[in-house]
Each structure stands twice: as structure tokens, then as C-alpha cells.
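The next block is my_file.txt, given as compact mmCIF, C-alpha atoms.
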# COMPACT_ATOMS: atom_id res chain seq x y z
CA MET I 3 -1.36 -3.28 30.52
CA GLU I 4 -0.35 -2.77 34.11
CA HIS I 5 -2.07 -0.16 36.25
CA TYR I 6 -0.59 1.32 39.42
CA GLN I 7 -2.42 3.06 42.23
CA LEU I 8 -1.07 6.17 43.85
CA GLY I 9 1.24 5.22 46.67
CA ALA I 10 1.54 1.60 45.48
CA ARG I 11 4.94 0.11 44.85
CA ALA I 12 5.66 -0.95 41.27
CA PRO I 13 6.59 -4.60 40.73
CA ALA I 14 10.32 -5.27 41.01
CA ARG I 15 12.19 -5.70 37.76
CA PRO I 16 14.54 -8.66 37.30
CA ARG I 17 18.18 -7.81 37.91
CA PRO I 18 20.69 -9.51 35.58
CA GLY I 19 23.48 -8.97 38.14
CA ARG I 20 21.84 -11.42 40.56
CA ALA I 21 21.68 -14.14 37.89
CA VAL I 22 25.36 -13.65 37.05
CA LEU I 23 26.30 -13.78 40.74
CA LEU I 24 24.27 -16.95 41.22
CA ALA I 25 26.00 -18.60 38.23
CA CYS I 26 29.42 -17.60 39.58
CA LEU I 27 28.57 -19.23 42.93
CA LEU I 28 27.09 -22.39 41.44
CA ALA I 29 30.08 -23.11 39.16
CA PRO I 30 32.71 -23.49 41.96
CA ALA I 31 30.16 -25.30 44.15
CA PHE I 32 29.58 -27.87 41.41
CA PHE I 33 33.36 -28.18 40.88
CA LEU I 34 33.90 -28.99 44.55
CA LEU I 35 31.07 -31.53 44.52
CA ALA I 36 32.40 -33.18 41.33
CA ALA I 37 35.95 -33.32 42.73
CA ARG I 38 34.72 -34.93 45.95
CA LEU I 39 32.64 -37.57 44.18
CA ASP I 40 35.01 -38.11 41.21
CA LEU I 41 32.14 -37.58 38.79
CA SER I 42 34.33 -37.45 35.66
CA GLU I 43 36.04 -40.75 36.47
CA ARG I 44 32.76 -42.47 37.23
CA LEU I 45 31.19 -41.11 34.07
CA GLY I 46 34.20 -42.22 32.01
CA ARG I 47 34.02 -45.80 33.38
CA ALA I 48 30.29 -45.92 32.77
CA LEU I 49 30.68 -44.79 29.16
CA LEU I 50 33.53 -47.25 28.49
CA ASP I 51 31.25 -50.09 29.55
CA GLN I 52 28.88 -48.98 26.76
CA GLU I 53 31.54 -48.72 24.02
CA HIS I 54 29.41 -50.71 21.60
CA TRP I 55 26.89 -47.84 21.70
CA GLN I 56 29.67 -45.22 21.20
CA LEU I 57 28.40 -43.39 24.26
CA ASP I 58 31.92 -42.19 25.04
CA GLU I 59 31.53 -39.69 22.19
CA LEU I 60 28.36 -38.28 23.73
CA ALA I 61 30.12 -35.79 26.00
CA LEU I 62 31.87 -33.92 23.19
CA SER I 63 28.71 -34.00 21.07
CA LEU I 64 26.69 -32.44 23.90
CA LEU I 65 29.43 -29.84 24.41
CA LEU I 66 29.26 -28.88 20.74
CA LEU I 67 25.47 -28.70 20.94
CA ALA I 68 25.70 -26.45 24.01
CA LEU I 69 28.15 -24.11 22.24
CA ALA I 70 25.92 -23.96 19.17
CA LEU I 71 22.86 -23.16 21.29
CA ALA I 72 24.82 -20.49 23.16
CA GLY I 73 25.86 -18.91 19.85
CA PHE I 74 22.27 -19.00 18.60
CA ALA I 75 21.07 -17.41 21.85
CA VAL I 76 23.58 -14.56 21.45
CA TRP I 77 22.55 -13.99 17.81
CA ARG I 78 18.87 -14.12 18.69
CA GLY I 79 19.40 -11.74 21.60
CA ARG I 80 20.99 -9.20 19.28
CA GLN I 81 18.04 -9.50 16.90
CA VAL I 82 15.58 -8.97 19.74
CA ALA I 83 17.57 -5.97 21.00
CA ALA I 84 17.55 -4.43 17.51
CA LEU I 85 13.80 -5.03 17.20
CA LEU I 86 13.15 -3.48 20.59
CA ALA I 87 15.23 -0.45 19.61
CA GLN I 88 13.18 -0.10 16.41
CA ASN I 89 9.93 -0.38 18.36
CA ARG I 90 11.08 2.24 20.85
CA ALA I 91 12.03 4.59 18.02
CA LEU I 92 8.69 4.01 16.33
CA THR I 93 6.82 4.61 19.59
CA GLN I 94 8.67 7.89 20.13
CA ARG I 95 7.94 8.98 16.57
CA LEU I 96 4.25 8.13 16.96
CA LEU I 97 4.10 10.10 20.20
CA ARG I 98 5.79 13.09 18.55
CA ALA I 99 3.44 12.88 15.57
CA GLN I 100 0.47 12.71 17.92
CA GLU I 101 1.65 15.76 19.83
CA ASP I 102 2.37 17.66 16.59
CA GLU I 103 -1.13 16.89 15.34
CA ARG I 104 -2.64 18.00 18.63
CA CYS I 105 -0.66 21.24 18.51
CA ALA I 106 -1.80 21.88 14.92
CA LEU I 107 -5.43 21.24 15.84
CA ALA I 108 -5.11 23.44 18.90
CA ARG I 109 -3.68 26.31 16.82
CA GLU I 110 -6.47 26.00 14.27
CA LEU I 111 -9.11 25.89 16.98
CA HIS I 112 -7.60 28.92 18.72
CA ASP I 113 -7.05 31.00 15.59
CA GLU I 114 -9.85 30.06 13.22
CA VAL I 115 -12.62 29.09 15.64
CA GLY I 116 -11.84 31.94 18.01
CA GLN I 117 -11.70 34.51 15.24
CA ASN I 118 -14.91 33.37 13.56
CA CYS I 119 -16.78 33.04 16.86
CA THR I 120 -15.73 36.57 17.80
CA ALA I 121 -16.96 37.85 14.42
CA ILE I 122 -20.29 36.05 14.81
CA ARG I 123 -20.72 37.35 18.35
CA ALA I 124 -19.93 40.93 17.30
CA ALA I 125 -22.32 40.80 14.34
CA ALA I 126 -25.09 39.26 16.45
CA SER I 127 -24.61 41.93 19.13
CA TYR I 128 -24.93 44.69 16.53
CA ILE I 129 -28.11 43.12 15.14
CA LEU I 130 -29.60 42.98 18.64
CA ARG I 131 -28.82 46.67 19.18
CA ALA I 132 -29.82 47.79 15.69
CA ARG I 133 -32.61 50.33 15.36
CA ASP I 134 -35.37 50.53 12.82
CA GLY I 135 -34.17 51.91 9.52
CA ASP I 136 -30.69 50.42 9.82
CA GLN I 137 -31.54 47.60 7.43
CA ALA I 138 -28.37 47.85 5.34
CA ASN I 139 -26.02 47.33 8.28
CA VAL I 140 -28.19 44.51 9.62
CA GLN I 141 -27.95 42.72 6.28
CA ALA I 142 -24.17 43.23 6.23
CA CYS I 143 -23.91 41.71 9.71
CA ALA I 144 -26.09 38.76 8.67
CA ALA I 145 -23.84 38.20 5.65
CA SER I 146 -20.79 38.30 7.95
CA ILE I 147 -22.38 35.67 10.20
CA ALA I 148 -23.08 33.47 7.19
CA ARG I 149 -19.47 33.76 5.97
CA SER I 150 -18.06 32.98 9.41
CA SER I 151 -20.38 29.99 9.77
CA GLU I 152 -19.27 28.63 6.39
CA ALA I 153 -15.62 29.07 7.37
CA LEU I 154 -16.23 27.22 10.64
CA HIS I 155 -18.00 24.41 8.83
CA ALA I 156 -15.20 24.04 6.28
CA MET I 157 -12.58 23.99 9.04
CA VAL I 158 -14.47 21.32 11.02
CA ARG I 159 -14.80 19.17 7.90
CA SER I 160 -11.08 19.52 7.26
CA MET I 161 -10.29 18.45 10.84
CA LEU I 162 -12.62 15.46 10.54
CA ARG I 163 -10.92 14.34 7.34
CA ARG I 164 -7.55 14.54 9.06
CA LEU I 165 -8.76 12.55 12.06
CA ARG I 166 -10.76 9.98 10.10
CA PRO I 167 -12.06 10.07 6.50
CA PRO I 168 -15.88 10.36 6.71
CA VAL I 169 -16.35 8.45 3.43
CA LEU I 170 -14.84 5.40 5.11
CA ASP I 171 -17.85 5.20 7.44
CA SER I 172 -20.55 6.41 5.08
CA LEU I 173 -19.64 4.53 1.89
CA GLY I 174 -17.02 1.94 2.81
CA LEU I 175 -13.40 1.17 2.02
CA GLU I 176 -13.56 0.95 -1.77
CA PRO I 177 -15.05 4.44 -2.40
CA ALA I 178 -12.73 5.89 0.27
CA LEU I 179 -9.66 4.50 -1.51
CA GLN I 180 -10.94 5.73 -4.87
CA ALA I 181 -11.41 9.22 -3.44
CA LEU I 182 -7.94 9.06 -1.86
CA CYS I 183 -6.30 8.06 -5.15
CA ASP I 184 -8.18 10.76 -7.08
CA SER I 185 -7.32 13.54 -4.65
CA TRP I 186 -3.68 12.38 -4.43
CA ALA I 187 -3.33 12.33 -8.22
CA GLN I 188 -4.84 15.80 -8.51
CA GLN I 189 -2.61 17.18 -5.76
CA HIS I 190 0.71 15.73 -7.00
CA GLY I 191 0.11 15.52 -10.74
CA ILE I 192 0.87 11.78 -10.80
CA ALA I 193 -1.52 9.35 -12.46
CA CYS I 194 -3.01 6.91 -9.97
CA HIS I 195 -5.14 3.92 -10.95
CA PHE I 196 -7.19 2.08 -8.33
CA ALA I 197 -8.13 -1.51 -9.18
CA PRO I 198 -10.45 -3.20 -6.64
CA GLN I 199 -11.60 -6.78 -7.07
CA ALA I 200 -14.10 -8.79 -5.02
CA ILE I 201 -13.86 -6.58 -1.94
CA PRO I 202 -16.31 -7.64 0.82
CA ALA I 203 -19.00 -5.07 1.47
CA GLU I 204 -18.46 -5.23 5.24
CA LEU I 205 -14.89 -5.21 6.53
CA ASP I 206 -14.02 -4.94 10.19
CA ASP I 207 -13.04 -1.46 11.24
CA GLY I 208 -9.43 -2.28 12.12
CA THR I 209 -8.73 -3.85 8.72
CA ALA I 210 -10.39 -1.01 6.80
CA ILE I 211 -8.43 1.65 8.68
CA ALA I 212 -5.17 -0.30 8.25
CA ILE I 213 -5.67 -0.65 4.49
CA TYR I 214 -6.54 3.03 4.14
CA ARG I 215 -3.50 4.18 6.13
CA LEU I 216 -1.21 1.77 4.25
CA VAL I 217 -2.34 3.19 0.92
CA GLN I 218 -2.01 6.71 2.30
CA GLU I 219 1.57 6.07 3.49
CA GLY I 220 2.51 4.23 0.30
CA LEU I 221 1.29 7.04 -1.97
CA THR I 222 2.98 9.63 0.24
CA ASN I 223 6.28 7.79 -0.21
CA VAL I 224 5.73 7.66 -3.98
CA ALA I 225 5.20 11.42 -4.11
CA ARG I 226 8.22 12.17 -1.89
CA HIS I 227 10.86 9.70 -3.00
CA ALA I 228 9.95 7.66 -6.08
CA GLY I 229 10.19 10.24 -8.88
CA ALA I 230 7.37 8.35 -10.62
CA ASP I 231 4.70 9.54 -13.03
CA ARG I 232 2.34 6.63 -12.50
CA ALA I 233 1.10 4.63 -9.52
CA THR I 234 -1.29 1.71 -9.17
CA VAL I 235 -3.23 0.53 -6.12
CA GLU I 236 -4.69 -2.99 -6.26
CA LEU I 237 -6.97 -4.50 -3.63
CA ARG I 238 -8.58 -7.92 -3.82
CA ALA I 239 -9.93 -10.68 -1.60
CA ASP I 240 -9.28 -14.33 -2.39
CA ALA I 241 -11.31 -17.45 -1.74
CA HIS I 242 -9.12 -18.42 1.22
CA GLY I 243 -10.20 -15.53 3.44
CA SER I 244 -7.23 -13.23 2.79
CA LEU I 245 -7.06 -9.63 1.65
CA HIS I 246 -4.27 -8.62 -0.75
CA LEU I 247 -3.06 -5.06 -1.27
CA ALA I 248 -0.43 -3.96 -3.80
CA ILE I 249 0.97 -0.43 -4.29
CA GLU I 250 3.20 -0.09 -7.35
CA ASP I 251 5.01 2.80 -9.07
CA ASN I 252 7.38 3.23 -12.02
CA GLY I 253 9.91 5.37 -10.16
CA HIS I 254 13.56 4.97 -9.16
CA GLY I 255 13.06 1.90 -6.97
CA LEU I 256 15.00 1.06 -3.84
CA ARG I 257 18.69 0.33 -3.47
CA GLN I 258 19.70 -3.07 -2.15
CA GLY I 259 19.21 -3.44 1.59
CA ALA I 260 16.95 -0.39 1.89
CA THR I 261 13.99 -2.49 3.03
CA GLN I 262 16.05 -4.01 5.88
CA GLN I 263 17.25 -0.60 7.08
CA GLY I 264 14.01 1.18 6.32
CA GLY I 265 12.73 4.50 7.51
CA PHE I 266 9.94 5.26 9.93
CA GLY I 267 7.42 5.01 7.09
CA MET I 268 8.43 1.43 6.28
CA LEU I 269 8.68 0.55 9.95
CA GLY I 270 5.20 1.93 10.60
CA MET I 271 3.74 -0.01 7.68
CA ARG I 272 5.44 -3.21 8.85
CA GLU I 273 4.14 -2.82 12.41
CA ARG I 274 0.62 -1.99 11.21
CA VAL I 275 0.51 -5.13 9.06
CA ALA I 276 2.05 -7.32 11.76
CA GLY I 277 -0.61 -6.12 14.21
CA LEU I 278 -3.24 -7.72 11.96
CA ARG I 279 -1.27 -10.97 11.56
CA GLY I 280 -0.35 -10.11 7.99
CA HIS I 281 2.79 -9.99 5.87
CA ILE I 282 4.36 -7.19 3.83
CA HIS I 283 7.02 -7.38 1.13
CA TRP I 284 8.91 -4.74 -0.84
CA ILE I 285 9.83 -5.85 -4.38
CA SER I 286 12.17 -3.44 -6.11
CA ALA I 287 15.25 -2.88 -8.21
CA LEU I 288 17.01 0.38 -9.02
CA GLY I 289 15.35 2.07 -11.98
CA ARG I 290 12.49 -0.43 -12.09
CA GLY I 291 10.08 1.03 -9.59
CA LEU I 292 8.75 -0.38 -6.35
CA ARG I 293 5.92 -2.78 -5.58
CA ILE I 294 4.61 -3.19 -2.04
CA GLU I 295 2.61 -6.37 -1.46
CA VAL I 296 0.51 -6.90 1.66
CA ALA I 297 -1.50 -9.96 2.64
CA MET I 298 -3.65 -10.12 5.76
CA PRO I 299 -6.52 -12.31 6.96
CA LEU I 300 -10.08 -11.10 6.75
CA ALA I 301 -11.57 -10.76 10.23
CA ALA I 302 -15.20 -10.97 11.21
CA GLY I 303 -17.18 -7.80 10.77
CA ALA I 304 -16.99 -5.29 13.60
CA PRO I 305 -18.99 -2.10 14.17
CA ARG I 306 -17.57 0.99 12.55
CA CYS I 307 -16.77 4.23 14.26
CA ALA I 308 -19.94 6.11 15.04
CA ALA I 309 -20.36 9.26 13.02
Starting from the coordinates I provided, produce the structure as C-alpha cells.
Amino acid sequence: MEHYQLGARAPARPRPGRAVLLACLLAPAFFLLAARLDLSERLGRALLDQEHWQLDELALSLLLLALALAGFAVWRGRQVAALLAQNRALTQRLLRAQEDERCALARELHDEVGQNCTAIRAAASYILRARDGDQANVQACAASIARSSEALHAMVRSMLRRLRPPVLDSLGLEPALQALCDSWAQQHGIACHFAPQAIPAELDDGTAIAIYRLVQEGLTNVARHAGADRATVELRADAHGSLHLAIEDNGHGLRQGATQQGGFGMLGMRERVAGLRGHIHWISALGRGLRIEVAMPLAAGAPRCAA
């Protein structure tokens, strides 16, 4: 990442126009040099002397190779441009989602925290000013403080779950995924079976978070688009140091080409897996459900987020 100081000049970006101008100047310059030295005639005589090696056919072969490489460069450039456009769109969506989440948290902090803090402050002030014999009102104020404190605690726990599931740090990935599947099934009325197998007790934090978010996004897509009544989440580690995740449903499936076009959900899952040097595949047919398969290497253990 580049850092700029105030008043410093940013590094100059390459200008394609200069490269095109340079090429346009070099082409006629080379033509004049070749015409003066008779390069084509000399090259032709030299190749004819080597007829037994068929070197006279080399020029056309190299020309064909150059055209093929130029065509490949154009095709590859279009692929890179499309990928960059996807990445820019994903970045913008992530920034918007981040700002939306910040706005939601700010509203909750302003409304809920402010309201409950005001209620606690008012009740505490009354208790401080209460006289002897006003026991009933004092008890009512104490009960109000207790209710406001419980509401604040519940709201903070809800915010913490949205920012990062606490069970992921306290118990590990497997119980966190089980809790996620159970709560998702209860919320959407869709059966969800979680099948872990040989999961390492200590996973690095980046891998654990990625797996959790992948399952979260996959189940969200099942609830929104699949029309399924059953989902399965499988997670296993193999003997070759790889972690395998599969999310499967019995819904409508995807139409042909949908995985190439993809929405922001698919794009986000693909980028998250690619960031951990993994691979993701969508296996589907219309009316036969969808299976998402992810494979990623197991990294060395890293410290988890401090509670």
C-alpha cells in the first residue's frame, strides 16, 4: 500500500498515449533504416543459402506466431479488464455495506443507548434525592435501572454477534457453525444438517472467519433464492493439509451460465476463497439443487481475536 505525505506529489501514472506515439515514430524509422540497408534482400539471400534447413519458411511462421500472440494478448486484456471491473464493483459494494452497517450501529447507539442511559440517569437522580419513607418509588426506580441495564446488555450482545460471533473465539469453529445452522433453521423454517469431520481444534483466525462467512452467505442465498426445504453443511479436513467445505440444498438450482455471471454474493465468496489460495465450485442443474464446494489449504495456527 502506498502512503502519501501532505504536500508530496503522487507518483506519475504511465500514459498509454506516449507508448503509442513512440511506436508510431519507431515504425517509420525502422522502415527508413531497412530501406537504406536492404535488409529484406540480405535476409532473403541468407535464407536461400540455408534452403536445406527450410529457413526460408521461418519468416512467415514467425509472423503467424506474432499474430497469434497479439490475438491472445487482446483476449487476455479483455479478461483482465472484466476482472478489474468486477473487483471495483465488489469493492464499492463492500464499502457501501460497511457504511450501511456503521449507520445502523450509530442509530442503535443513539436511540437505544441514549434512551436507556437517560432513563438510568433519571432514576438514579431520583434515588439520590429521595427522602425517607419514599421506599415504593425508590424500588420502582431501582427496577427501572435494572430493566434499562438488561436492555443495554442485550443490545451490546446483539452488536457483538453482528460484528463477530463470540462463540467463534470461546468455543471454536465447529460449535459456531452448529449454532449458526441451528439458528438459521429456526429462523427460516428450513432443515439444516451440519456434518463436521476431523476438524482441527486450532485453526488460524483468517481461515475460521472465512469458513464462517462462507457458510453464512451460502445459507443466506439458500433462504433467499433456492426455494429449498433442506440444506446440508459439510466440513472436513483431509490428510493432505486441506480443508473442504460443502453447502448443498435441494432447491431450484442455477440456470446455465449463472455461476459465470454471478451476483455480488457469489463474487464475494469467490474473492474470499481466492484470498486464502483456495478454490470454489458451483455444481448445479435446474430443479436439482445446488452444491457449493470449497477447498483451501490449512494454515499454521494464528492467535484469535481478543475478547
Polymer residues at most 9 Å from Ala230 in chain I, all atoms listed in the file, same-chain spacing of 4 or more positions, as number ranges by chain: I: 192, 224-225, 251-254, 291
Resulting file, chosen residues, C-alpha atoms, as a PDB file, in the frame of the given file:
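result_20.pdb written:
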ATOM      1  CA  ILE I 192       0.870  11.780 -10.800  1.00  0.00           C
ATOM      2  CA  VAL I 224       5.730   7.660  -3.980  1.00  0.00           C
ATOM      3  CA  ALA I 225       5.200  11.420  -4.110  1.00  0.00           C
ATOM      4  CA  ASP I 251       5.010   2.800  -9.070  1.00  0.00           C
ATOM      5  CA  ASN I 252       7.380   3.230 -12.020  1.00  0.00           C
ATOM      6  CA  GLY I 253       9.910   5.370 -10.160  1.00  0.00           C
ATOM      7  CA  HIS I 254      13.560   4.970  -9.160  1.00  0.00           C
ATOM      8  CA  GLY I 291      10.080   1.030  -9.590  1.00  0.00           C
TER       9      GLY I 291
END
If you take all atoms listed in the file and a cut-off of 12 Å, which residues of range 69-182 of chain I touch range 272-290 of chain I, and what are their nearest atom pairs and distances in Å to one decimal, in chain and number order, as JSON lines?
{"residue": "I:Leu85", "atom": "CA", "partner": "I:Glu273", "partner_atom": "CA", "distance": 11.0}
{"residue": "I:Gln88", "atom": "CA", "partner": "I:Glu273", "partner_atom": "CA", "distance": 10.3}
{"residue": "I:Asn89", "atom": "CA", "partner": "I:Glu273", "partner_atom": "CA", "distance": 8.7}
{"residue": "I:Leu92", "atom": "CA", "partner": "I:Glu273", "partner_atom": "CA", "distance": 9.1}
{"residue": "I:Thr93", "atom": "CA", "partner": "I:Glu273", "partner_atom": "CA", "distance": 10.7}
{"residue": "I:Leu96", "atom": "CA", "partner": "I:Glu273", "partner_atom": "CA", "distance": 11.9}
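Straight-line separation from CA of Ala181 in chain I to CA of Val169 in chain I: 8.5 Å.
Here CA of Leu173 in chain I stands at a distance of 28.1 Å from CA of Ala99 in chain I.
The gap separating CA of Val217 in chain I from CA of Ala197 in chain I is 12.6 Å, in Å to one decimal.
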Protein, DNA and RNA residues within 7 Å of (-8.8, 19.2, 15.3), only C-alpha atoms, as a PyMOL selection string: chain I and resi 107-108+111+161
Residue nearest Ser244 in chain I among I:Leu300, I:Ala193, I:Ala212, I:Ala37 (counting all atoms listed in the file): I:Leu300
Do a neighbour search on Ile129 in chain I at 10 Å with all atoms listed in the file, toss out local chain neighbours closer than 6 positions, and write the hits as a PDB file with C-alpha atoms, keeping the file's coordinate frame.
ATOM      1  CA  ARG I 123     -20.720  37.350  18.350  1.00  0.00           C
ATOM      2  CA  ASP I 136     -30.690  50.420   9.820  1.00  0.00           C
ATOM      3  CA  GLN I 137     -31.540  47.600   7.430  1.00  0.00           C
ATOM      4  CA  ASN I 139     -26.020  47.330   8.280  1.00  0.00           C
ATOM      5  CA  VAL I 140     -28.190  44.510   9.620  1.00  0.00           C
ATOM      6  CA  GLN I 141     -27.950  42.720   6.280  1.00  0.00           C
ATOM      7  CA  ALA I 142     -24.170  43.230   6.230  1.00  0.00           C
ATOM      8  CA  CYS I 143     -23.910  41.710   9.710  1.00  0.00           C
ATOM      9  CA  ALA I 144     -26.090  38.760   8.670  1.00  0.00           C
TER      10      ALA I 144
END
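With all atoms listed in the file as the atoms that count, the residue of I:His246, I:Arg238, I:His155, I:Arg293 with the shortest distance to Leu221 in chain I is I:Arg293.
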Selected residue, from I:Ala83, I:Leu45, I:Ala138, I:Ile213, that lies nearest to Pro299 in chain I when counting all atoms listed in the file: I:Ile213
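Residue nearest Ala87 in chain I within the list I:Leu35, I:Ser127, I:Cys105, I:Leu269: I:Leu269 [criterion: smallest interatomic distance, only C-alpha atoms].
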Select, counting all atoms listed in the file, all protein, DNA and RNA residues no farther than 12 Å from (-5.2, 18.1, 15.9) in file coordinates, and express the selection as an mmCIF file with C-alpha atoms, keeping the file's coordinate frame.
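Ended up saving to selection18.cif:
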data_model
loop_
_atom_site.group_PDB
_atom_site.id
_atom_site.type_symbol
_atom_site.label_atom_id
_atom_site.label_comp_id
_atom_site.auth_asym_id
_atom_site.auth_seq_id
_atom_site.Cartn_x
_atom_site.Cartn_y
_atom_site.Cartn_z
ATOM 1 C CA ALA I 99 3.440 12.880 15.570
ATOM 2 C CA GLN I 100 0.470 12.710 17.920
ATOM 3 C CA GLU I 101 1.650 15.760 19.830
ATOM 4 C CA ASP I 102 2.370 17.660 16.590
ATOM 5 C CA GLU I 103 -1.130 16.890 15.340
ATOM 6 C CA ARG I 104 -2.640 18.000 18.630
ATOM 7 C CA CYS I 105 -0.660 21.240 18.510
ATOM 8 C CA ALA I 106 -1.800 21.880 14.920
ATOM 9 C CA LEU I 107 -5.430 21.240 15.840
ATOM 10 C CA ALA I 108 -5.110 23.440 18.900
ATOM 11 C CA ARG I 109 -3.680 26.310 16.820
ATOM 12 C CA GLU I 110 -6.470 26.000 14.270
ATOM 13 C CA LEU I 111 -9.110 25.890 16.980
ATOM 14 C CA HIS I 112 -7.600 28.920 18.720
ATOM 15 C CA MET I 157 -12.580 23.990 9.040
ATOM 16 C CA VAL I 158 -14.470 21.320 11.020
ATOM 17 C CA SER I 160 -11.080 19.520 7.260
ATOM 18 C CA MET I 161 -10.290 18.450 10.840
ATOM 19 C CA LEU I 162 -12.620 15.460 10.540
ATOM 20 C CA ARG I 163 -10.920 14.340 7.340
ATOM 21 C CA ARG I 164 -7.550 14.540 9.060
ATOM 22 C CA LEU I 165 -8.760 12.550 12.060
ATOM 23 C CA ARG I 166 -10.760 9.980 10.100
#
Could you model N, CA and C atoms for range 82-107 of chain I and present them as a compact mmCIF listing (two decimals), keeping the file's coordinate frame?
# COMPACT_ATOMS: atom_id res chain seq x y z
N VAL I 82 16.65 -9.48 18.88
CA VAL I 82 15.58 -8.97 19.74
C VAL I 82 15.91 -7.56 20.21
N ALA I 83 17.18 -7.31 20.55
CA ALA I 83 17.57 -5.97 21.00
C ALA I 83 17.38 -4.96 19.88
N ALA I 84 17.74 -5.33 18.63
CA ALA I 84 17.55 -4.43 17.51
C ALA I 84 16.07 -4.16 17.26
N LEU I 85 15.24 -5.20 17.38
CA LEU I 85 13.80 -5.03 17.20
C LEU I 85 13.20 -4.14 18.28
N LEU I 86 13.64 -4.33 19.51
CA LEU I 86 13.15 -3.48 20.59
C LEU I 86 13.56 -2.03 20.38
N ALA I 87 14.78 -1.81 19.89
CA ALA I 87 15.23 -0.45 19.61
C ALA I 87 14.37 0.18 18.51
N GLN I 88 14.05 -0.60 17.47
CA GLN I 88 13.18 -0.10 16.41
C GLN I 88 11.79 0.25 16.95
N ASN I 89 11.26 -0.63 17.80
CA ASN I 89 9.93 -0.38 18.36
C ASN I 89 9.93 0.86 19.25
N ARG I 90 11.01 1.05 20.03
CA ARG I 90 11.08 2.24 20.85
C ARG I 90 11.15 3.50 19.99
N ALA I 91 11.94 3.44 18.91
CA ALA I 91 12.03 4.59 18.02
C ALA I 91 10.69 4.88 17.36
N LEU I 92 10.00 3.82 16.94
CA LEU I 92 8.69 4.01 16.33
C LEU I 92 7.70 4.59 17.32
N THR I 93 7.73 4.09 18.56
CA THR I 93 6.82 4.61 19.59
C THR I 93 7.08 6.10 19.83
N GLN I 94 8.35 6.48 19.92
CA GLN I 94 8.67 7.89 20.13
C GLN I 94 8.21 8.74 18.95
N ARG I 95 8.38 8.22 17.74
CA ARG I 95 7.94 8.98 16.57
C ARG I 95 6.42 9.12 16.56
N LEU I 96 5.71 8.05 16.92
CA LEU I 96 4.25 8.13 16.96
C LEU I 96 3.78 9.13 18.01
N LEU I 97 4.47 9.14 19.16
CA LEU I 97 4.10 10.10 20.20
C LEU I 97 4.36 11.53 19.74
N ARG I 98 5.50 11.74 19.05
CA ARG I 98 5.79 13.09 18.55
C ARG I 98 4.78 13.50 17.49
N ALA I 99 4.44 12.56 16.59
CA ALA I 99 3.44 12.88 15.57
C ALA I 99 2.09 13.19 16.19
N GLN I 100 1.74 12.45 17.23
CA GLN I 100 0.47 12.71 17.92
C GLN I 100 0.47 14.09 18.56
N GLU I 101 1.57 14.44 19.21
CA GLU I 101 1.65 15.76 19.83
C GLU I 101 1.66 16.87 18.78
N ASP I 102 2.36 16.66 17.66
CA ASP I 102 2.37 17.66 16.59
C ASP I 102 0.97 17.87 16.04
N GLU I 103 0.24 16.77 15.86
CA GLU I 103 -1.13 16.89 15.34
C GLU I 103 -2.02 17.61 16.34
N ARG I 104 -1.85 17.31 17.61
CA ARG I 104 -2.64 18.00 18.63
C ARG I 104 -2.32 19.49 18.66
N CYS I 105 -1.04 19.82 18.52
CA CYS I 105 -0.66 21.24 18.51
C CYS I 105 -1.26 21.95 17.29
N ALA I 106 -1.22 21.27 16.13
CA ALA I 106 -1.80 21.88 14.92
C ALA I 106 -3.29 22.10 15.07
N LEU I 107 -3.98 21.09 15.62
CA LEU I 107 -5.43 21.24 15.84
C LEU I 107 -5.72 22.34 16.85
